[in-house]
$ cat query_12.tsv   # TSV, C-alpha atoms
chain	number	residue	atom	x	y	z
A	1	MET	CA	76.85	105.30	74.28
A	2	LYS	CA	79.03	103.71	76.92
A	3	TYR	CA	77.46	100.75	78.70
A	4	ALA	CA	78.63	99.25	81.99
A	5	LEU	CA	77.82	95.68	83.08
A	6	LEU	CA	77.99	94.10	86.53
A	7	ILE	CA	78.72	90.41	86.03
A	8	ALA	CA	78.83	87.33	88.25
A	9	TYR	CA	80.35	84.07	87.10
A	10	ASP	CA	81.43	80.67	88.28
A	11	GLY	CA	84.92	80.37	86.83
A	12	THR	CA	85.19	76.58	87.18
A	13	CYS	CA	84.77	75.78	83.49
A	14	TYR	CA	86.62	78.77	82.08
A	15	GLY	CA	90.21	79.65	81.32
A	16	GLY	CA	89.82	82.97	83.11
A	17	TRP	CA	88.41	86.25	81.84
A	18	GLN	CA	90.59	87.13	78.86
A	19	ILE	CA	89.99	85.68	75.40
A	20	GLN	CA	92.65	83.15	74.39
A	21	GLN	CA	93.16	80.52	71.72
A	22	ASN	CA	93.29	77.35	73.77
A	23	ALA	CA	90.46	77.81	76.28
A	24	VAL	CA	86.88	79.00	76.57
A	25	THR	CA	86.79	82.25	78.56
A	26	VAL	CA	84.24	84.53	80.18
A	27	GLN	CA	85.13	87.46	77.93
A	28	GLU	CA	84.49	85.27	74.90
A	29	LYS	CA	81.03	84.31	76.14
A	30	ILE	CA	80.11	87.92	76.99
A	31	THR	CA	81.41	89.21	73.64
A	32	CYS	CA	79.50	86.57	71.66
A	33	ALA	CA	76.29	87.26	73.57
A	34	LEU	CA	76.60	91.00	72.94
A	35	GLU	CA	77.19	90.40	69.23
A	36	ARG	CA	73.96	88.41	69.03
A	37	VAL	CA	72.07	91.19	70.81
A	38	LEU	CA	73.59	94.09	68.89
A	39	GLY	CA	74.19	92.55	65.50
A	40	PHE	CA	77.79	93.74	65.47
A	41	SER	CA	80.94	93.09	67.50
A	42	VAL	CA	82.18	95.27	70.36
A	43	ASN	CA	85.29	95.36	72.53
A	44	VAL	CA	84.48	94.42	76.12
A	45	THR	CA	86.90	95.63	78.81
A	46	ALA	CA	86.76	94.28	82.37
A	47	SER	CA	88.14	95.76	85.59
A	48	GLY	CA	90.74	92.99	85.71
A	49	ARG	CA	91.66	89.60	84.32
A	50	THR	CA	90.61	86.82	86.67
A	51	ASP	CA	92.66	83.64	86.22
A	52	SER	CA	91.50	80.20	85.16
A	53	GLY	CA	89.09	78.76	87.73
A	54	VAL	CA	88.66	82.03	89.65
A	55	HIS	CA	85.13	83.31	90.31
A	56	ALA	CA	83.55	86.77	90.35
A	57	ALA	CA	80.63	88.05	92.39
A	58	ALA	CA	80.83	91.55	90.91
A	59	GLN	CA	83.08	91.90	87.90
A	60	VAL	CA	82.62	95.22	86.09
A	61	CYS	CA	83.12	95.73	82.37
A	62	HIS	CA	82.31	98.37	79.77
A	63	PHE	CA	81.80	98.62	76.03
A	64	ASP	CA	80.76	101.31	73.54
A	65	ALA	CA	77.82	100.79	71.21
A	66	ASP	CA	75.55	102.94	69.07
A	67	CYS	CA	72.20	101.24	69.62
A	68	SER	CA	68.69	101.93	70.88
A	69	ILE	CA	68.61	99.48	73.79
A	70	PRO	CA	68.17	101.36	77.09
A	71	PRO	CA	71.13	100.74	79.43
A	72	GLU	CA	68.98	99.27	82.19
A	73	ARG	CA	67.53	96.67	79.76
A	74	MET	CA	70.84	95.50	78.37
A	75	ALA	CA	71.33	92.99	81.21
A	76	ASP	CA	68.20	91.02	80.34
A	77	ALA	CA	68.96	91.14	76.61
A	78	VAL	CA	72.47	89.73	77.08
A	79	ASN	CA	71.48	87.08	79.62
A	80	VAL	CA	69.30	85.35	77.03
A	81	TYR	CA	72.47	84.25	75.21
A	82	LEU	CA	74.70	83.46	78.18
A	83	PRO	CA	75.28	80.07	79.83
A	84	ASP	CA	73.88	79.50	83.31
A	85	ASP	CA	77.25	80.01	85.01
A	86	ILE	CA	77.59	83.60	83.74
A	87	ARG	CA	75.04	86.31	84.45
A	88	VAL	CA	74.80	90.06	84.01
A	89	LEU	CA	73.39	91.24	87.33
A	90	GLN	CA	72.93	94.88	86.37
A	91	SER	CA	73.54	97.18	83.44
A	92	ALA	CA	73.78	100.96	83.31
A	93	GLY	CA	74.89	103.88	81.23
A	94	ALA	CA	78.36	105.10	82.17
A	95	PRO	CA	80.07	108.49	81.75
A	96	GLU	CA	82.00	108.76	78.49
A	97	SER	CA	85.21	109.08	80.48
A	98	PHE	CA	84.56	105.81	82.34
A	99	ASP	CA	87.02	102.95	81.89
A	100	ALA	CA	86.45	99.71	83.80
A	101	VAL	CA	90.21	99.32	84.36
A	102	LYS	CA	91.60	102.84	84.65
A	103	SER	CA	88.70	104.28	86.66
A	104	ALA	CA	88.88	101.62	89.39
A	105	LYS	CA	89.96	102.94	92.81
A	106	LYS	CA	89.82	99.76	94.89
A	107	LYS	CA	89.18	96.06	94.39
A	108	THR	CA	88.24	93.48	96.98
A	109	TYR	CA	88.96	89.77	96.67
A	110	CYS	CA	88.00	86.99	99.04
A	111	TYR	CA	89.87	83.73	99.48
A	112	ARG	CA	87.81	80.96	101.08
A	113	VAL	CA	88.95	77.82	102.86
A	114	TYR	CA	87.25	75.44	105.26
A	115	LEU	CA	89.02	73.60	108.05
A	116	SER	CA	88.00	69.97	108.19
A	117	LYS	CA	89.61	66.54	108.29
A	118	ARG	CA	87.25	65.50	105.50
A	119	GLY	CA	86.37	67.22	102.27
A	120	ASN	CA	82.86	68.42	101.46
A	121	PRO	CA	81.71	68.24	97.81
A	122	LEU	CA	79.20	71.03	98.41
A	123	LYS	CA	82.02	73.42	99.38
A	124	ASP	CA	84.86	72.33	97.13
A	125	ARG	CA	83.71	74.36	94.13
A	126	TYR	CA	84.20	77.70	95.91
A	127	ALA	CA	86.57	76.94	98.78
A	128	VAL	CA	89.65	74.85	99.53
A	129	ASN	CA	89.77	72.15	102.17
A	130	VAL	CA	92.53	72.75	104.75
A	131	LYS	CA	93.22	69.76	106.96
A	132	PHE	CA	95.89	71.26	109.24
A	133	GLU	CA	95.23	73.32	112.38
A	134	ILE	CA	95.80	77.06	112.38
A	135	ASP	CA	96.16	79.72	115.07
A	136	PHE	CA	93.58	82.42	114.39
A	137	LYS	CA	95.42	85.02	116.45
A	138	LYS	CA	98.40	84.52	114.15
A	139	LEU	CA	96.15	84.61	111.08
A	140	ASN	CA	94.87	88.02	112.13
A	141	ARG	CA	98.40	89.15	112.95
A	142	ALA	CA	99.49	88.25	109.42
A	143	ALA	CA	96.57	90.25	108.04
A	144	LYS	CA	97.87	93.42	109.72
A	145	ILE	CA	101.42	92.86	108.46
A	146	PHE	CA	100.22	92.97	104.85
A	147	GLU	CA	98.24	96.19	105.20
A	148	GLY	CA	99.84	99.34	103.82
A	149	GLU	CA	102.03	100.04	100.79
A	150	HIS	CA	104.61	97.33	100.12
A	151	ASP	CA	106.66	95.80	97.33
A	152	PHE	CA	104.89	92.50	96.66
A	153	LYS	CA	107.51	91.18	94.24
A	154	ALA	CA	107.76	87.94	96.22
A	155	TYR	CA	104.01	87.40	95.77
A	156	CYS	CA	103.98	87.76	91.99
A	157	ALA	CA	104.12	84.71	89.72
A	158	SER	CA	107.26	84.47	87.61
A	159	GLY	CA	106.98	85.78	84.07
A	160	SER	CA	104.58	88.57	84.97
A	161	GLN	CA	105.36	91.84	83.17
A	162	VAL	CA	104.43	94.92	85.21
A	163	LYS	CA	106.02	98.35	85.59
A	164	THR	CA	106.10	98.12	89.37
A	165	THR	CA	105.37	95.46	91.97
A	166	VAL	CA	104.47	98.03	94.64
A	167	ARG	CA	100.83	97.89	95.68
A	168	LYS	CA	98.78	99.51	98.45
A	169	ILE	CA	96.62	97.21	100.55
A	170	TYR	CA	93.90	99.14	102.36
A	171	SER	CA	92.68	96.26	104.48
A	172	VAL	CA	93.03	92.53	105.11
A	173	SER	CA	90.37	90.94	107.30
A	174	VAL	CA	89.47	87.44	108.41
A	175	LYS	CA	85.98	86.11	109.03
A	176	THR	CA	85.28	82.67	110.49
A	177	GLU	CA	82.17	80.62	111.16
A	178	GLU	CA	81.54	77.12	112.49
A	179	PHE	CA	79.32	75.11	110.17
A	180	ARG	CA	78.41	71.41	110.28
A	181	GLY	CA	81.58	70.13	111.81
A	182	SER	CA	83.97	72.39	109.92
A	183	ARG	CA	85.16	75.96	110.22
A	184	ASP	CA	84.70	78.27	107.25
A	185	VAL	CA	87.39	80.93	106.84
A	186	GLU	CA	87.17	83.96	104.55
A	187	ILE	CA	90.18	86.21	103.91
A	188	TYR	CA	89.17	89.56	102.42
A	189	VAL	CA	91.83	91.72	100.76
A	190	THR	CA	91.16	95.26	99.49
A	191	GLY	CA	93.80	97.10	97.50
A	192	ASN	CA	94.46	99.56	94.71
A	193	GLY	CA	95.58	96.73	92.45
A	194	PHE	CA	96.93	93.19	92.48
A	195	LEU	CA	99.74	91.26	90.82
A	196	TYR	CA	99.34	87.93	89.04
A	197	ASN	CA	98.55	85.28	91.70
A	198	MET	CA	99.17	87.82	94.46
A	199	VAL	CA	96.05	87.18	96.55
A	200	ARG	CA	96.33	83.40	96.26
A	201	THR	CA	99.97	83.51	97.40
A	202	LEU	CA	99.19	86.00	100.14
A	203	ALA	CA	96.43	83.69	101.44
A	204	GLY	CA	98.79	80.71	101.35
A	205	THR	CA	101.42	82.67	103.26
A	206	MET	CA	98.93	83.73	105.92
A	207	LEU	CA	97.78	80.14	106.39
A	208	ASP	CA	101.33	78.79	106.57
A	209	PHE	CA	102.21	81.45	109.16
A	210	ALA	CA	99.11	80.58	111.18
A	211	ALA	CA	100.10	76.90	111.01
A	212	GLY	CA	103.60	77.63	112.32
A	213	ARG	CA	105.38	76.88	109.05
A	214	LEU	CA	106.56	80.47	108.58
A	215	THR	CA	107.74	83.06	111.09
A	216	GLU	CA	106.91	86.74	111.38
A	217	THR	CA	110.47	87.43	110.24
A	218	ASP	CA	109.72	85.44	107.07
A	219	LEU	CA	106.70	87.64	106.32
A	220	ILE	CA	108.65	90.83	106.92
A	221	ASN	CA	111.55	89.61	104.76
A	222	SER	CA	109.16	88.72	101.96
A	223	LEU	CA	108.03	92.36	101.84
A	224	GLU	CA	111.27	94.16	102.64
A	225	LYS	CA	113.71	91.94	100.71
A	226	GLY	CA	111.42	90.35	98.12
A	227	ASP	CA	112.48	86.92	99.38
A	228	ARG	CA	110.40	84.33	97.51
A	229	SER	CA	111.57	81.56	99.87
A	230	SER	CA	109.83	83.38	102.74
A	231	VAL	CA	106.30	83.09	101.29
A	232	GLY	CA	103.81	80.24	101.39
A	233	LYS	CA	102.42	78.25	98.52
A	234	THR	CA	100.08	79.70	95.91
A	235	MET	CA	96.62	78.42	96.83
A	236	PRO	CA	94.32	76.77	94.25
A	237	PRO	CA	92.15	79.08	92.11
A	238	GLN	CA	88.69	77.86	93.13
A	239	GLY	CA	88.97	79.51	96.55
A	240	LEU	CA	89.29	82.99	95.06
A	241	THR	CA	86.42	85.33	94.20
A	242	LEU	CA	86.46	88.92	92.98
A	243	GLU	CA	83.96	90.45	95.41
A	244	SER	CA	83.71	94.10	94.37
A	245	VAL	CA	85.22	96.99	92.41
A	246	ASP	CA	85.02	100.52	93.81
A	247	TYR	CA	85.03	103.49	91.42
A	248	GLY	CA	84.44	106.21	93.97
A	249	PHE	CA	80.88	106.80	92.73
A	250	LYS	CA	77.69	104.79	92.35
A	251	LEU	CA	77.70	103.13	88.93
A	252	PHE	CA	74.79	100.72	89.30
$ encode --input "query_12.tsv" --output "structure tokens"
Amino acid sequence: MKYALLIAYDGTCYGGWQIQQNAVTVQEKITCALERVLGFSVNVTASGRTDSGVHAAAQVCHFDADCSIPPERMADAVNVYLPDDIRVLQSAGAPESFDAVKSAKKKTYCYRVYLSKRGNPLKDRYAVNVKFEIDFKKLNRAAKIFEGEHDFKAYCASGSQVKTTVRKIYSVSVKTEEFRGSRDVEIYVTGNGFLYNMVRTLAGTMLDFAAGRLTETDLINSLEKGDRSSVGKTMPPQGLTLESVDYGFKLF
């Protein structure tokens, strides 16, 4: 049977999703918990590899197992053996053709910052403190520039090995809210796929443009010419959260 899991995790203490030798990872914790439940090891595949320190509100993964546990009860069985900062929110049976990576149609990430002259320890785990002023009209203008199909080579971290750096961005939107003397800003990006560090660099570029450090010509050149010098800095990982994965049908 093919099982699908919907997982939320705080990535602060983990070296990302994928199992590796020199860090504790989310995939490692999920795999170990499943082995204790099932009595044998399974291969767990997620919709994508979140980086070290990045969070997930709705990561999706799948695995195959020949066992008697009903799909809807697998979540509770696995959660018994997981740390408090990782939880299976839902579990379900998936079609045999389902693949958490290959079946994904769209993914949505959110990058969070808060504008304040002073940091807030209650926000710093999931958002980044920005002390400079930004023009929100320009921030929304930048969002529209990034929509569509573009070559995001300039937004990909060096050393990344991919067949193509062209990606389609369906939407980029900005939400803001005043809260206790600061302004919370959420940048939502939905696309058919993302390059390594792409969303964090895109968010940094939008913020630098909105602060007047980059021009609209810089943003256009970054997409049309792949000019790395025309993009902003790559923002810290804690501001990024995988919000959802769309498969074109209801899985959970």
$ closest_residue --input "query_12.tsv" --among "A:Val174, A:Phe152, A:Leu82, A:Ser47" --to "Lys102 in chain A" --atoms "all atoms listed in the file"
A:Ser47
$ closest_residue --input "query_12.tsv" --among "A:Gly232, A:Gly212, A:Gly239, A:Gly226" --to "Ile187 in chain A" --atoms "all atoms listed in the file"
A:Gly239
$ atom_distance --input "query_12.tsv" --atom1 "CA of Arg87 in chain A" --atom2 "CA of Ala8 in chain A"
5.5 Å
$ closest_residue --input "query_12.tsv" --among "A:Val42, A:Cys61, A:Leu242, A:Val172" --to "Leu5 in chain A" --atoms "all atoms listed in the file"
A:Cys61
$ closest_residue --input "query_12.tsv" --among "A:Val37, A:Val88, A:Ala154, A:Met198" --to "Glu72 in chain A" --atoms "only C-alpha atoms"
A:Val88
$ closest_residue --input "query_12.tsv" --among "A:Ala58, A:Val185, A:Cys32, A:Val166" --to "Tyr126 in chain A" --atoms "only C-alpha atoms"
A:Val185
$ residues_around --input "query_12.tsv" --residues "Ser116 in chain A" --least-positions-apart "4" --cutoff "8 Å" --atoms "all atoms listed in the file" --output "JSON, numbers by chain"
{"A": [129, 130, 131, 181, 182, 183]}
$ residues_near_point --input "query_12.tsv" --point "(79.2, 94.6, 87.4)" --cutoff "10 Å" --atoms "only C-alpha atoms" --output "CSV table (one decimal) with C-alpha atoms, in the coordinates of the input"
chain,number,residue,atom,x,y,z
A,4,ALA,CA,78.6,99.2,82.0
A,5,LEU,CA,77.8,95.7,83.1
A,6,LEU,CA,78.0,94.1,86.5
A,7,ILE,CA,78.7,90.4,86.0
A,8,ALA,CA,78.8,87.3,88.2
A,46,ALA,CA,86.8,94.3,82.4
A,47,SER,CA,88.1,95.8,85.6
A,56,ALA,CA,83.6,86.8,90.4
A,57,ALA,CA,80.6,88.0,92.4
A,58,ALA,CA,80.8,91.6,90.9
A,59,GLN,CA,83.1,91.9,87.9
A,60,VAL,CA,82.6,95.2,86.1
A,61,CYS,CA,83.1,95.7,82.4
A,62,HIS,CA,82.3,98.4,79.8
A,87,ARG,CA,75.0,86.3,84.4
A,88,VAL,CA,74.8,90.1,84.0
A,89,LEU,CA,73.4,91.2,87.3
A,90,GLN,CA,72.9,94.9,86.4
A,91,SER,CA,73.5,97.2,83.4
A,92,ALA,CA,73.8,101.0,83.3
A,100,ALA,CA,86.4,99.7,83.8
A,244,SER,CA,83.7,94.1,94.4
A,245,VAL,CA,85.2,97.0,92.4
A,251,LEU,CA,77.7,103.1,88.9
A,252,PHE,CA,74.8,100.7,89.3
$ closest_residue --input "query_12.tsv" --among "A:Gln27, A:Arg125, A:Ile134, A:Asp84" --to "Arg213 in chain A" --atoms "only C-alpha atoms"
A:Ile134
$ atom_distance --input "query_12.tsv" --atom1 "CA of Leu219 in chain A" --atom2 "CA of Arg141 in chain A"
10.7 Å
$ residues_around --input "query_12.tsv" --residues "Pro237 in chain A" --least-positions-apart "4" --cutoff "10 Å" --atoms "only C-alpha atoms" --output "list in words"
Gly11, Thr12, Thr50, Asp51, Ser52, Gly53, Val54, His55, Tyr111, Arg125, Tyr126, Ala127, Val128, Asn197, Arg200 and Thr241 of chain A
$ atom_distance --input "query_12.tsv" --atom1 "CA of Gly248 in chain A" --atom2 "CA of Lys105 in chain A"
6.5 Å
$ residues_near_point --input "query_12.tsv" --point "(89.4, 77.4, 78.8)" --cutoff "6 Å" --atoms "only C-alpha atoms" --output "number ranges by chain"
A: 14-15, 23-25
$ write_last_selection --input "query_12.tsv" --atoms "C-alpha atoms" --output "PDB file, keeping the file's coordinate frame"
ATOM      1  CA  TYR A  14      86.620  78.770  82.080  1.00  0.00           C
ATOM      2  CA  GLY A  15      90.210  79.650  81.320  1.00  0.00           C
ATOM      3  CA  ALA A  23      90.460  77.810  76.280  1.00  0.00           C
ATOM      4  CA  VAL A  24      86.880  79.000  76.570  1.00  0.00           C
ATOM      5  CA  THR A  25      86.790  82.250  78.560  1.00  0.00           C
TER       6      THR A  25
END
$ residues_around --input "query_12.tsv" --residues "Lys225 in chain A" --least-positions-apart "3" --cutoff "12 Å" --atoms "only C-alpha atoms" --output "CSV table (one decimal) with C-alpha atoms, in the coordinates of the input"
chain,number,residue,atom,x,y,z
A,150,HIS,CA,104.6,97.3,100.1
A,151,ASP,CA,106.7,95.8,97.3
A,152,PHE,CA,104.9,92.5,96.7
A,153,LYS,CA,107.5,91.2,94.2
A,154,ALA,CA,107.8,87.9,96.2
A,155,TYR,CA,104.0,87.4,95.8
A,217,THR,CA,110.5,87.4,110.2
A,218,ASP,CA,109.7,85.4,107.1
A,219,LEU,CA,106.7,87.6,106.3
A,220,ILE,CA,108.6,90.8,106.9
A,221,ASN,CA,111.6,89.6,104.8
A,222,SER,CA,109.2,88.7,102.0
A,228,ARG,CA,110.4,84.3,97.5
A,229,SER,CA,111.6,81.6,99.9
A,230,SER,CA,109.8,83.4,102.7
A,231,VAL,CA,106.3,83.1,101.3
